[in-house]
file structure_14.cif (mmCIF, C-alpha atoms)
data_protein
loop_
_atom_site.group_PDB
_atom_site.id
_atom_site.type_symbol
_atom_site.label_atom_id
_atom_site.label_comp_id
_atom_site.auth_asym_id
_atom_site.auth_seq_id
_atom_site.Cartn_x
_atom_site.Cartn_y
_atom_site.Cartn_z
ATOM 1 C CA MET Z 70 0.293 25.080 0.094
ATOM 2 C CA LEU Z 71 -3.268 24.615 1.372
ATOM 3 C CA ILE Z 72 -5.403 21.967 -0.344
ATOM 4 C CA ARG Z 73 -9.151 21.523 -0.068
ATOM 5 C CA VAL Z 74 -10.174 17.859 -0.271
ATOM 6 C CA GLY Z 75 -13.525 16.162 0.045
ATOM 7 C CA TYR Z 76 -16.227 14.022 -1.481
ATOM 8 C CA GLU Z 77 -19.970 13.525 -1.782
ATOM 9 C CA LEU Z 78 -21.253 9.963 -2.148
ATOM 10 C CA VAL Z 79 -24.959 9.309 -2.602
ATOM 11 C CA TYR Z 80 -26.380 5.839 -1.956
ATOM 12 C CA GLN Z 81 -29.893 4.507 -2.460
ATOM 13 C CA CYS Z 82 -30.662 1.525 -0.216
ATOM 14 C CA PRO Z 83 -33.894 -0.529 -0.219
ATOM 15 C CA GLN Z 84 -33.311 -1.683 3.364
ATOM 16 C CA PRO Z 85 -31.053 -0.864 6.352
ATOM 17 C CA THR Z 86 -27.534 -1.478 5.023
ATOM 18 C CA PRO Z 87 -24.369 -1.784 7.148
ATOM 19 C CA MET Z 88 -21.320 -0.054 5.658
ATOM 20 C CA ILE Z 89 -17.603 0.072 6.430
ATOM 21 C CA LEU Z 90 -15.956 3.249 5.132
ATOM 22 C CA ALA Z 91 -12.241 4.019 4.705
ATOM 23 C CA LEU Z 92 -12.694 7.664 3.774
ATOM 24 C CA ASN Z 93 -10.537 9.478 6.323
ATOM 25 C CA ILE Z 94 -7.151 11.065 5.728
ATOM 26 C CA HIS Z 95 -4.368 8.778 6.946
ATOM 27 C CA TYR Z 96 -3.076 9.345 10.489
ATOM 28 C CA SER Z 97 0.399 10.077 9.099
ATOM 29 C CA ARG Z 98 -1.010 13.395 7.809
ATOM 30 C CA ALA Z 99 -2.781 14.278 11.068
ATOM 31 C CA SER Z 100 -0.513 17.239 11.826
ATOM 32 C CA ASP Z 101 -1.254 18.694 8.370
ATOM 33 C CA ILE Z 102 -5.036 18.789 8.791
ATOM 34 C CA VAL Z 103 -6.321 22.358 9.153
ATOM 35 C CA ARG Z 104 -10.041 21.608 8.886
ATOM 36 C CA PRO Z 105 -10.898 18.020 9.934
ATOM 37 C CA ASP Z 106 -12.408 15.586 7.450
ATOM 38 C CA HIS Z 107 -15.335 14.635 9.695
ATOM 39 C CA LEU Z 108 -17.827 12.333 8.013
ATOM 40 C CA ILE Z 109 -21.248 13.969 7.692
ATOM 41 C CA THR Z 110 -24.245 11.785 6.915
ATOM 42 C CA SER Z 111 -27.667 12.867 5.705
ATOM 43 C CA PRO Z 112 -29.862 11.719 7.288
ATOM 44 C CA ALA Z 113 -27.848 11.673 10.504
ATOM 45 C CA VAL Z 114 -26.971 8.169 11.706
ATOM 46 C CA PRO Z 115 -24.776 6.809 14.519
ATOM 47 C CA VAL Z 116 -21.104 6.631 13.530
ATOM 48 C CA ARG Z 117 -18.475 4.311 15.033
ATOM 49 C CA GLY Z 118 -14.778 4.284 14.265
ATOM 50 C CA TYR Z 119 -11.946 1.786 14.595
ATOM 51 C CA ARG Z 120 -8.435 1.081 13.279
ATOM 52 C CA ASP Z 121 -7.974 -1.861 10.945
ATOM 53 C CA LEU Z 122 -5.002 -4.246 10.818
ATOM 54 C CA PHE Z 123 -2.987 -1.746 8.755
ATOM 55 C CA GLY Z 124 -3.663 1.235 11.013
ATOM 56 C CA ASN Z 125 -6.199 2.848 8.685
ATOM 57 C CA TRP Z 126 -9.078 4.726 10.313
ATOM 58 C CA CYS Z 127 -12.390 3.080 9.355
ATOM 59 C CA THR Z 128 -15.978 4.105 10.051
ATOM 60 C CA ARG Z 129 -19.066 1.933 10.587
ATOM 61 C CA ILE Z 130 -22.596 3.105 9.841
ATOM 62 C CA VAL Z 131 -25.940 1.578 8.985
ATOM 63 C CA ALA Z 132 -27.506 3.455 6.083
ATOM 64 C CA PRO Z 133 -31.305 3.664 6.456
ATOM 65 C CA PRO Z 134 -33.710 2.736 3.665
ATOM 66 C CA GLY Z 135 -33.839 5.415 0.970
ATOM 67 C CA ARG Z 136 -31.271 8.051 0.049
ATOM 68 C CA THR Z 137 -28.095 8.497 2.138
ATOM 69 C CA VAL Z 138 -25.497 11.185 1.454
ATOM 70 C CA LEU Z 139 -21.933 10.872 2.799
ATOM 71 C CA THR Z 140 -19.742 13.944 2.605
ATOM 72 C CA THR Z 141 -16.733 15.749 4.015
ATOM 73 C CA ASP Z 142 -14.871 18.955 3.188
ATOM 74 C CA ALA Z 143 -11.380 19.318 4.698
ATOM 75 C CA LEU Z 144 -8.338 21.555 4.428
ATOM 76 C CA VAL Z 145 -4.832 20.074 4.453
ATOM 77 C CA ASN Z 146 -1.420 21.711 4.597
ATOM 78 C CA ASP Z 147 1.037 20.369 2.040
ATOM 79 C CA SER Z 148 4.666 21.118 1.271
ATOM 80 C CA GLY Z 149 3.841 21.855 -2.367
ATOM 81 C CA GLU Z 150 6.824 19.714 -3.327
ATOM 82 C CA PRO Z 151 6.575 16.820 -5.795
ATOM 83 C CA ASP Z 152 7.034 13.210 -4.698
ATOM 84 C CA PRO Z 153 10.667 12.665 -3.592
ATOM 85 C CA VAL Z 154 12.998 10.912 -6.025
ATOM 86 C CA VAL Z 155 15.819 8.904 -4.415
ATOM 87 C CA PRO Z 156 17.715 7.200 -7.259
ATOM 88 C CA ASP Z 157 20.399 5.762 -4.957
ATOM 89 C CA ALA Z 158 17.863 3.873 -2.774
ATOM 90 C CA GLN Z 159 19.028 0.266 -2.676
ATOM 91 C CA GLN Z 160 17.117 -2.997 -2.725
ATOM 92 C CA ILE Z 161 17.518 -4.932 0.539
ATOM 93 C CA PRO Z 162 18.052 -8.728 0.452
ATOM 94 C CA VAL Z 163 15.025 -10.554 1.811
ATOM 95 C CA GLU Z 164 16.925 -11.970 4.786
ATOM 96 C CA TYR Z 165 17.679 -8.422 6.005
ATOM 97 C CA LEU Z 166 14.242 -6.884 5.481
ATOM 98 C CA PRO Z 167 12.329 -5.706 8.593
ATOM 99 C CA GLU Z 168 9.682 -8.238 9.621
ATOM 100 C CA GLU Z 169 6.856 -5.734 9.151
ATOM 101 C CA THR Z 170 7.641 -5.498 5.425
ATOM 102 C CA LEU Z 171 7.544 -9.244 4.688
ATOM 103 C CA LEU Z 172 3.761 -9.365 4.315
ATOM 104 C CA PHE Z 173 4.146 -7.084 1.309
ATOM 105 C CA LEU Z 174 6.281 -9.658 -0.527
ATOM 106 C CA LEU Z 175 3.409 -12.153 -0.658
ATOM 107 C CA GLY Z 176 0.601 -12.617 -3.150
ATOM 108 C CA SER Z 177 -2.803 -11.156 -2.294
ATOM 109 C CA ARG Z 178 -6.361 -10.943 -3.651
ATOM 110 C CA TYR Z 179 -5.533 -8.739 -6.662
ATOM 111 C CA CYS Z 180 -1.781 -9.370 -6.882
ATOM 112 C CA GLU Z 181 -1.071 -12.903 -8.087
ATOM 113 C CA THR Z 182 2.670 -13.269 -7.651
ATOM 114 C CA ASP Z 183 2.452 -16.964 -8.574
ATOM 115 C CA LEU Z 184 1.092 -16.150 -12.038
ATOM 116 C CA LEU Z 185 3.466 -13.278 -12.803
ATOM 117 C CA SER Z 186 6.737 -14.447 -11.258
ATOM 118 C CA ASP Z 187 8.208 -15.963 -14.432
ATOM 119 C CA GLU Z 188 7.234 -12.917 -16.479
ATOM 120 C CA ALA Z 189 8.710 -10.547 -13.890
ATOM 121 C CA TRP Z 190 12.087 -12.279 -13.931
ATOM 122 C CA ARG Z 191 12.033 -12.570 -17.727
ATOM 123 C CA LEU Z 192 11.305 -8.858 -18.151
ATOM 124 C CA PHE Z 193 13.338 -7.330 -15.323
ATOM 125 C CA GLY Z 194 15.616 -10.013 -13.856
ATOM 126 C CA ASN Z 195 18.685 -8.967 -15.819
ATOM 127 C CA GLY Z 196 18.232 -5.239 -15.374
ATOM 128 C CA PRO Z 197 19.192 -2.817 -12.599
ATOM 129 C CA THR Z 198 18.131 -3.252 -8.976
ATOM 130 C CA GLY Z 199 16.859 -0.841 -6.331
ATOM 131 C CA TRP Z 200 15.212 2.414 -7.370
ATOM 132 C CA ALA Z 201 16.096 1.925 -11.036
ATOM 133 C CA ARG Z 202 14.375 -1.473 -11.099
ATOM 134 C CA VAL Z 203 11.155 -0.072 -9.652
ATOM 135 C CA GLN Z 204 11.241 2.833 -12.097
ATOM 136 C CA THR Z 205 11.769 0.407 -14.974
ATOM 137 C CA ILE Z 206 8.712 -1.536 -13.800
ATOM 138 C CA CYS Z 207 6.683 1.692 -13.649
ATOM 139 C CA ASP Z 208 7.823 2.637 -17.163
ATOM 140 C CA PHE Z 209 6.718 -0.765 -18.444
ATOM 141 C CA VAL Z 210 3.329 -0.716 -16.704
ATOM 142 C CA HIS Z 211 2.689 2.883 -17.777
ATOM 143 C CA GLU Z 212 3.203 1.923 -21.429
ATOM 144 C CA HIS Z 213 1.586 -1.511 -21.226
ATOM 145 C CA ILE Z 214 -1.817 -0.467 -19.833
ATOM 146 C CA GLU Z 215 -4.199 1.779 -21.739
ATOM 147 C CA PHE Z 216 -6.085 4.039 -19.295
ATOM 148 C CA GLY Z 217 -9.854 4.365 -19.542
ATOM 149 C CA TYR Z 218 -12.800 4.350 -17.133
ATOM 150 C CA PRO Z 219 -14.741 1.959 -19.418
ATOM 151 C CA HIS Z 220 -11.969 -0.570 -18.698
ATOM 152 C CA ALA Z 221 -12.656 -0.515 -14.931
ATOM 153 C CA ARG Z 222 -13.834 -3.753 -13.355
ATOM 154 C CA ALA Z 223 -14.127 -4.363 -9.632
ATOM 155 C CA THR Z 224 -12.801 -7.916 -9.910
ATOM 156 C CA LYS Z 225 -9.851 -7.215 -12.251
ATOM 157 C CA THR Z 226 -6.540 -8.576 -10.977
ATOM 158 C CA ALA Z 227 -2.935 -7.775 -11.856
ATOM 159 C CA TRP Z 228 -2.717 -10.853 -14.075
ATOM 160 C CA GLU Z 229 -5.866 -9.834 -15.953
ATOM 161 C CA ALA Z 230 -4.613 -6.253 -16.334
ATOM 162 C CA TYR Z 231 -1.353 -7.627 -17.731
ATOM 163 C CA LYS Z 232 -3.145 -9.876 -20.225
ATOM 164 C CA GLU Z 233 -5.768 -7.277 -21.259
ATOM 165 C CA GLY Z 234 -3.491 -4.224 -21.332
ATOM 166 C CA LYS Z 235 -6.317 -1.926 -20.209
ATOM 167 C CA GLY Z 236 -7.432 -0.499 -16.887
ATOM 168 C CA VAL Z 237 -7.620 2.379 -14.418
ATOM 169 C CA CYS Z 238 -5.201 3.637 -11.743
ATOM 170 C CA ARG Z 239 -5.764 0.685 -9.391
ATOM 171 C CA ASP Z 240 -4.842 -1.729 -12.205
ATOM 172 C CA TYR Z 241 -1.583 0.125 -12.866
ATOM 173 C CA ALA Z 242 -0.798 -0.073 -9.137
ATOM 174 C CA HIS Z 243 -1.743 -3.745 -8.808
ATOM 175 C CA LEU Z 244 0.409 -4.802 -11.745
ATOM 176 C CA ALA Z 245 3.424 -2.766 -10.598
ATOM 177 C CA ILE Z 246 3.037 -4.032 -7.014
ATOM 178 C CA THR Z 247 2.899 -7.636 -8.200
ATOM 179 C CA LEU Z 248 5.980 -7.309 -10.399
ATOM 180 C CA CYS Z 249 7.904 -5.695 -7.530
ATOM 181 C CA ARG Z 250 6.929 -8.461 -5.108
ATOM 182 C CA CYS Z 251 7.961 -11.109 -7.644
ATOM 183 C CA LEU Z 252 11.400 -9.470 -7.666
ATOM 184 C CA ASN Z 253 11.631 -9.498 -3.832
ATOM 185 C CA ILE Z 254 10.794 -5.807 -3.344
ATOM 186 C CA PRO Z 255 8.099 -5.192 -0.670
ATOM 187 C CA ALA Z 256 5.234 -3.194 -2.195
ATOM 188 C CA ARG Z 257 1.949 -1.965 -0.713
ATOM 189 C CA TYR Z 258 -1.172 -0.394 -2.213
ATOM 190 C CA CYS Z 259 -2.153 3.204 -1.382
ATOM 191 C CA THR Z 260 -5.320 5.170 -2.002
ATOM 192 C CA GLY Z 261 -6.118 8.822 -1.461
ATOM 193 C CA TYR Z 262 -6.602 12.228 -3.026
ATOM 194 C CA LEU Z 263 -4.480 13.358 -5.970
ATOM 195 C CA GLY Z 264 -5.548 16.494 -7.798
ATOM 196 C CA ASP Z 265 -4.187 18.125 -10.922
ATOM 197 C CA ILE Z 266 -1.993 20.626 -9.063
ATOM 198 C CA GLY Z 267 0.954 21.530 -11.266
ATOM 199 C CA VAL Z 268 -0.452 19.611 -14.230
ATOM 200 C CA PRO Z 269 -1.363 21.571 -17.374
ATOM 201 C CA PRO Z 270 -4.953 21.323 -18.627
ATOM 202 C CA PRO Z 271 -7.076 19.713 -19.879
ATOM 203 C CA HIS Z 272 -7.910 17.890 -16.649
ATOM 204 C CA GLY Z 273 -10.058 14.789 -16.432
ATOM 205 C CA PRO Z 274 -12.894 14.191 -13.967
ATOM 206 C CA MET Z 275 -11.722 14.068 -10.355
ATOM 207 C CA ASP Z 276 -11.645 10.688 -8.612
ATOM 208 C CA PHE Z 277 -9.860 8.987 -5.747
ATOM 209 C CA ALA Z 278 -6.424 7.769 -6.837
ATOM 210 C CA GLY Z 279 -4.438 4.562 -6.418
ATOM 211 C CA TRP Z 280 -0.638 4.368 -6.235
ATOM 212 C CA PHE Z 281 1.912 2.272 -4.324
ATOM 213 C CA ASP Z 282 4.871 2.330 -1.936
ATOM 214 C CA VAL Z 283 8.001 0.182 -2.103
ATOM 215 C CA PHE Z 284 10.522 -0.502 0.643
ATOM 216 C CA LEU Z 285 14.059 0.414 -0.436
ATOM 217 C CA GLY Z 286 16.998 1.278 1.783
ATOM 218 C CA ASP Z 287 15.542 1.912 5.228
ATOM 219 C CA ARG Z 288 12.096 3.300 4.382
ATOM 220 C CA TRP Z 289 9.062 3.328 2.111
ATOM 221 C CA HIS Z 290 9.019 5.368 -1.100
ATOM 222 C CA THR Z 291 6.091 6.497 -3.279
ATOM 223 C CA PHE Z 292 5.685 5.404 -6.901
ATOM 224 C CA ASP Z 293 2.826 5.995 -9.325
ATOM 225 C CA ALA Z 294 2.745 3.827 -12.448
ATOM 226 C CA ARG Z 295 -0.401 5.520 -13.759
ATOM 227 C CA ASN Z 296 1.066 9.037 -13.929
ATOM 228 C CA ASN Z 297 4.715 7.899 -13.899
ATOM 229 C CA THR Z 298 6.002 11.286 -12.826
ATOM 230 C CA PRO Z 299 6.411 12.960 -9.398
ATOM 231 C CA ARG Z 300 3.175 14.737 -8.476
ATOM 232 C CA ILE Z 301 2.259 17.545 -6.091
ATOM 233 C CA GLY Z 302 -0.438 17.378 -3.417
ATOM 234 C CA ARG Z 303 -0.787 13.648 -2.819
ATOM 235 C CA VAL Z 304 -2.945 13.102 0.314
ATOM 236 C CA LEU Z 305 -2.910 9.526 1.611
ATOM 237 C CA MET Z 306 -6.079 7.942 2.995
ATOM 238 C CA ALA Z 307 -5.306 4.238 3.450
ATOM 239 C CA ARG Z 308 -2.679 1.538 2.828
ATOM 240 C CA GLY Z 309 -2.904 -2.234 2.488
ATOM 241 C CA ARG Z 310 -1.860 -5.290 0.494
ATOM 242 C CA ASP Z 311 -4.092 -4.306 -2.418
ATOM 243 C CA ALA Z 312 -7.408 -2.569 -3.121
ATOM 244 C CA SER Z 313 -9.365 -5.195 -1.190
ATOM 245 C CA ASP Z 314 -7.780 -3.943 2.059
ATOM 246 C CA VAL Z 315 -8.549 -0.267 1.436
ATOM 247 C CA ALA Z 316 -11.986 -0.284 -0.183
ATOM 248 C CA LEU Z 317 -13.425 3.209 0.248
ATOM 249 C CA SER Z 318 -16.808 1.685 1.038
ATOM 250 C CA SER Z 319 -17.806 -1.894 1.771
ATOM 251 C CA THR Z 320 -21.587 -2.366 1.760
ATOM 252 C CA PHE Z 321 -23.440 -5.343 3.188
ATOM 253 C CA GLY Z 322 -26.718 -5.366 1.301
ATOM 254 C CA PRO Z 323 -28.235 -4.244 -2.000
ATOM 255 C CA ASN Z 324 -27.640 -0.580 -2.873
ATOM 256 C CA THR Z 325 -27.094 1.794 -5.763
ATOM 257 C CA LEU Z 326 -24.397 4.453 -5.884
ATOM 258 C CA GLU Z 327 -26.389 7.342 -7.354
ATOM 259 C CA GLY Z 328 -23.859 10.151 -6.938
ATOM 260 C CA PHE Z 329 -20.068 10.390 -6.777
ATOM 261 C CA LYS Z 330 -18.041 13.607 -6.478
ATOM 262 C CA VAL Z 331 -14.460 14.127 -5.341
ATOM 263 C CA TRP Z 332 -12.534 17.389 -5.086
ATOM 264 C CA THR Z 333 -8.840 18.157 -4.551
ATOM 265 C CA ASP Z 334 -8.014 21.790 -5.185
ATOM 266 C CA GLU Z 335 -5.287 24.195 -4.190
ATOM 267 C CA VAL Z 336 -6.674 27.034 -2.090
ATOM 268 C CA ALA Z 337 -5.605 30.464 -3.309
ATOM 269 C CA ALA Z 338 -3.571 32.459 -0.808
#
call {"tool": "encode", "arguments": {"input": "structure_14.cif", "output": "structure tokens"}}
result
Amino acid sequence: MLIRVGYELVYQCPQPTPMILALNIHYSRASDIVRPDHLITSPAVPVRGYRDLFGNWCTRIVAPPGRTVLTTDALVNDSGEPDPVVPDAQQIPVEYLPEETLLFLLGSRYCETDLLSDEAWRLFGNGPTGWARVQTICDFVHEHIEFGYPHARATKTAWEAYKEGKGVCRDYAHLAITLCRCLNIPARYCTGYLGDIGVPPPHGPMDFAGWFDVFLGDRWHTFDARNNTPRIGRVLMARGRDASDVALSSTFGPNTLEGFKVWTDEVAA
């Protein structure tokens, strides 16, 4: 399957405004890229790239005063298969976990393990472990949170999403991640493209998506509490502890986001 992915972001800045952008497809999909997702800016400005602490490719620009358009339009090969399901994947005791996974057991900006630990053990402590435990958490979060863009809030944490019962995809991911960490399962936040391939209409407006990975057995596995079903055509952009590590754009000055378009479409043969 060939998937066309891209975006168009339009900013209005009253003064020169530095920006850090995490808008590139993740390096783990590099061999799948048919047409590169080069960042195009209008007007043209110098572009610098670097890798962050999690290996994500980030871009630095300074947007000039006035209107700045950021866009890309890429083609990506995909297997066309839904997210793998591995029901026999086992939970690993903390003392045997690889060192690189331990960071993802700890609380972070949007994932307050200290506030949700008692609730996590009350809700899930007597249930199954491993894959079944993570799926049970996803089932709970999927039912507990009511989806709606009016419920979005840039500062909303997992604890607040749990108490309010409303949110968007990042809130589903943050709550599920936090509950997993409370139960000693490493969990990390993911962001990227996820279209409606294989999903019957009606389809909602396209946006970037948030989901999460957990470490079970000897590797990371994908889960999605928002959709709570294996999906086709997931294209990863960045990973981190939570959304604060993988912000699509971090701006250092006053600005207005005037336009926002995202596309993720299967290309006809």
call {"tool": "residues_around", "arguments": {"input": "structure_14.cif", "residues": "stretch 276-289 of chain Z", "least_positions_apart": "3", "cutoff": "7 Å", "atoms": "only C-alpha atoms", "output": "JSON, numbers by chain"}}
result
{"Z": [158, 159, 160, 161, 199, 238, 239, 242, 246, 254, 255, 256, 257, 258, 259, 260, 261, 262, 263, 292, 293, 331]}
call {"tool": "write_last_selection", "arguments": {"input": "structure_14.cif", "atoms": "C-alpha atoms", "output": "PDB file, in the frame of the given file"}}
result
ATOM      1  CA  ALA Z 158      17.863   3.873  -2.774  1.00  0.00           C
ATOM      2  CA  GLN Z 159      19.028   0.266  -2.676  1.00  0.00           C
ATOM      3  CA  GLN Z 160      17.117  -2.997  -2.725  1.00  0.00           C
ATOM      4  CA  ILE Z 161      17.518  -4.932   0.539  1.00  0.00           C
ATOM      5  CA  GLY Z 199      16.859  -0.841  -6.331  1.00  0.00           C
ATOM      6  CA  CYS Z 238      -5.201   3.637 -11.743  1.00  0.00           C
ATOM      7  CA  ARG Z 239      -5.764   0.685  -9.391  1.00  0.00           C
ATOM      8  CA  ALA Z 242      -0.798  -0.073  -9.137  1.00  0.00           C
ATOM      9  CA  ILE Z 246       3.037  -4.032  -7.014  1.00  0.00           C
ATOM     10  CA  ILE Z 254      10.794  -5.807  -3.344  1.00  0.00           C
ATOM     11  CA  PRO Z 255       8.099  -5.192  -0.670  1.00  0.00           C
ATOM     12  CA  ALA Z 256       5.234  -3.194  -2.195  1.00  0.00           C
ATOM     13  CA  ARG Z 257       1.949  -1.965  -0.713  1.00  0.00           C
ATOM     14  CA  TYR Z 258      -1.172  -0.394  -2.213  1.00  0.00           C
ATOM     15  CA  CYS Z 259      -2.153   3.204  -1.382  1.00  0.00           C
ATOM     16  CA  THR Z 260      -5.320   5.170  -2.002  1.00  0.00           C
ATOM     17  CA  GLY Z 261      -6.118   8.822  -1.461  1.00  0.00           C
ATOM     18  CA  TYR Z 262      -6.602  12.228  -3.026  1.00  0.00           C
ATOM     19  CA  LEU Z 263      -4.480  13.358  -5.970  1.00  0.00           C
ATOM     20  CA  PHE Z 292       5.685   5.404  -6.901  1.00  0.00           C
ATOM     21  CA  ASP Z 293       2.826   5.995  -9.325  1.00  0.00           C
ATOM     22  CA  VAL Z 331     -14.460  14.127  -5.341  1.00  0.00           C
TER      23      VAL Z 331
END
call {"tool": "atom_distance", "arguments": {"input": "structure_14.cif", "atom1": "atom CA of Z:Pro134", "atom2": "atom CA of Z:Gln84"}}
result
4.4 Å
call {"tool": "closest_residue", "arguments": {"input": "structure_14.cif", "among": "Z:Val203, Z:Val116, Z:Val304, Z:Cys249", "to": "Z:Val155", "atoms": "all atoms listed in the file"}}
result
Z:Val203
call {"tool": "resolve_selection", "arguments": {"input": "structure_14.cif", "expression": "the PyMOL selection byres ((chain Z and resi 333) around 6)", "output": "PDB file with C-alpha atoms, in the frame of the given file"}}
result
ATOM      1  CA  ARG Z  73      -9.151  21.523  -0.068  1.00  0.00           C
ATOM      2  CA  VAL Z  74     -10.174  17.859  -0.271  1.00  0.00           C
ATOM      3  CA  GLY Z 264      -5.548  16.494  -7.798  1.00  0.00           C
ATOM      4  CA  TRP Z 332     -12.534  17.389  -5.086  1.00  0.00           C
ATOM      5  CA  ASP Z 334      -8.014  21.790  -5.185  1.00  0.00           C
TER       6      ASP Z 334
END
call {"tool": "residues_around", "arguments": {"input": "structure_14.cif", "residues": "Z:His243", "least_positions_apart": "6", "cutoff": "9 Å", "atoms": "all atoms listed in the file", "output": "list in words"}}
result
Tyr179, Cys180, Thr226, Ala227, Trp228, Ala230, Tyr258, Trp280, Phe281, Asp311 and Ala312 of chain Z
call {"tool": "build_atoms", "arguments": {"input": "structure_14.cif", "residues": "stretch 259-271 of chain Z", "atoms": "N, CA and C atoms", "output": "PDB file, in the coordinates of the input"}}
result
ATOM      1  N   CYS Z 259      -1.742   1.965  -2.043  1.00  0.00           N
ATOM      2  CA  CYS Z 259      -2.153   3.204  -1.382  1.00  0.00           C
ATOM      3  C   CYS Z 259      -3.339   3.814  -2.127  1.00  0.00           C
ATOM      4  N   THR Z 260      -4.223   4.435  -1.384  1.00  0.00           N
ATOM      5  CA  THR Z 260      -5.320   5.170  -2.002  1.00  0.00           C
ATOM      6  C   THR Z 260      -5.462   6.515  -1.309  1.00  0.00           C
ATOM      7  N   GLY Z 261      -5.960   7.504  -2.043  1.00  0.00           N
ATOM      8  CA  GLY Z 261      -6.118   8.822  -1.461  1.00  0.00           C
ATOM      9  C   GLY Z 261      -6.522   9.849  -2.494  1.00  0.00           C
ATOM     10  N   TYR Z 262      -6.293  11.104  -2.141  1.00  0.00           N
ATOM     11  CA  TYR Z 262      -6.602  12.228  -3.026  1.00  0.00           C
ATOM     12  C   TYR Z 262      -5.358  12.578  -3.850  1.00  0.00           C
ATOM     13  N   LEU Z 263      -5.557  12.849  -5.123  1.00  0.00           N
ATOM     14  CA  LEU Z 263      -4.480  13.358  -5.970  1.00  0.00           C
ATOM     15  C   LEU Z 263      -5.109  14.248  -7.037  1.00  0.00           C
ATOM     16  N   GLY Z 264      -4.974  15.555  -6.849  1.00  0.00           N
ATOM     17  CA  GLY Z 264      -5.548  16.494  -7.798  1.00  0.00           C
ATOM     18  C   GLY Z 264      -4.613  16.772  -8.955  1.00  0.00           C
ATOM     19  N   ASP Z 265      -4.957  17.766  -9.739  1.00  0.00           N
ATOM     20  CA  ASP Z 265      -4.187  18.125 -10.922  1.00  0.00           C
ATOM     21  C   ASP Z 265      -3.298  19.340 -10.665  1.00  0.00           C
ATOM     22  N   ILE Z 266      -2.858  19.497  -9.415  1.00  0.00           N
ATOM     23  CA  ILE Z 266      -1.993  20.626  -9.063  1.00  0.00           C
ATOM     24  C   ILE Z 266      -0.662  20.502  -9.795  1.00  0.00           C
ATOM     25  N   GLY Z 267      -0.301  21.532 -10.519  1.00  0.00           N
ATOM     26  CA  GLY Z 267       0.954  21.530 -11.266  1.00  0.00           C
ATOM     27  C   GLY Z 267       0.892  20.805 -12.590  1.00  0.00           C
ATOM     28  N   VAL Z 268      -0.287  20.335 -12.973  1.00  0.00           N
ATOM     29  CA  VAL Z 268      -0.452  19.611 -14.230  1.00  0.00           C
ATOM     30  C   VAL Z 268      -1.193  20.500 -15.213  1.00  0.00           C
ATOM     31  N   PRO Z 269      -0.682  20.695 -16.414  1.00  0.00           N
ATOM     32  CA  PRO Z 269      -1.363  21.571 -17.374  1.00  0.00           C
ATOM     33  C   PRO Z 269      -2.694  20.967 -17.823  1.00  0.00           C
ATOM     34  N   PRO Z 270      -3.681  21.830 -18.136  1.00  0.00           N
ATOM     35  CA  PRO Z 270      -4.953  21.323 -18.627  1.00  0.00           C
ATOM     36  C   PRO Z 270      -4.782  20.733 -20.029  1.00  0.00           C
ATOM     37  N   PRO Z 271      -5.778  19.962 -20.511  1.00  0.00           N
ATOM     38  CA  PRO Z 271      -7.076  19.713 -19.879  1.00  0.00           C
ATOM     39  C   PRO Z 271      -6.983  18.681 -18.760  1.00  0.00           C
TER      40      PRO Z 271
END
